[in-house]
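Reading through the structure tokens given below for one structure.
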Amino acid sequence: MIESYEFLMSVVNTITDQIVVIDPKGEILFVNNAWVTFGKNNTCLINETWSGVNYLQECDKATDMGDEFGLKAASGIRSVIKGDNETFYLEYPCHSPEEKRWFMMRATPFSILGNNCIVISHQNITERKLAEEEVLILSRIDGLTEIPNRRYFNEFLDNEWRRCHRLGMPISLAILDLDHFKLLNDKYGHQRGDECLKLVAK
């Protein structure tokens with residue numbers, strides 16, 4: 001149990017993650033400096049202290065506008081408030097016009113002065129997500145020809161097959177074969193064969 005708001009504010013304001021504390025109804029009790037700064041820098045600051053703002057209602061508004069992450073966030077936080085889950089976390093994109101960004105939201109219950117509250121943190125995980133994207137791209141690209149590999153082809157074909165089936169559209173597949181490629185390798189060597197494959201791929 002945390003025994004004073006002053007102590008809570010002094011600790012939370014030293015944290016670089018964006019922090020918001022809400023009551024069980026979703027009303028915002030406190031936001032840290034990082035939260036306010038992010039709001040100012042991204043033109044989403046409602047007021048300096050966010051007083052009078054209901055976090056859950058803001059999630060619901062986002063849901064009504066078609067934001068699936070707003071729905072997931074609201075449902076997850078409510079599950080923590082009800083005690084159905086001890087904690088909740090959600091990774092979500094929050095891209096700006098200048099850059100790709102991802103955050104991880106984590107909601108955790110705690111008690112202050114005998115009152116039950118939920119602390120919600122938003123941690124920037126962009127560096128990790130960009131690395132994951134790069135690994136995924138590398139796993140789908142052939143190292144020699146730099147075009148999609150068989151693994152990616154299988155995923156793509158499966159998705160297109162399902163899409164065309166759903167829409168009642170035809171699907172076409174073209175197969176390109178390099179005749180007598182073994183003779184090229186045998187006569188000119190594998191290095192020349194690789195160069196040939198790169199040219200064909202382009």
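Simple scheme: letters A, B, ... for chains in structure tokens order, numbers from 1 for residues in each chain, numbers from 1 for ligands in the order shown.
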
Which residues of region 80-138 of chain A sit at most 12 Å from region 152-166 of chain A, using only C-alpha atoms? Give each one's shortest atom pair and distance in Å (one decimal place), in chain and ascending residue order, as a Markdown table.
| residue | atom | partner | partner_atom | distance |
| --- | --- | --- | --- | --- |
| A:Leu136 | CA | A:Tyr152 | CA | 10.1 |
| A:Ile137 | CA | A:Tyr152 | CA | 9.5 |
| A:Leu138 | CA | A:Tyr152 | CA | 10.5 |

Open item on the list: Run DSSP on the backbone and tell me which residues of chain A come out as strand (DSSP E); list them as a PyMOL selection string.
Closed with: chain A and resi 18-22+28-31+88-93+102-112+115-124

Open item on the list: as number ranges by chain, please: every residue in region 39-115 of chain A that DSSP puts in alpha helix (DSSP H).
Closed with: A: 39-41, 55-64, 68-82
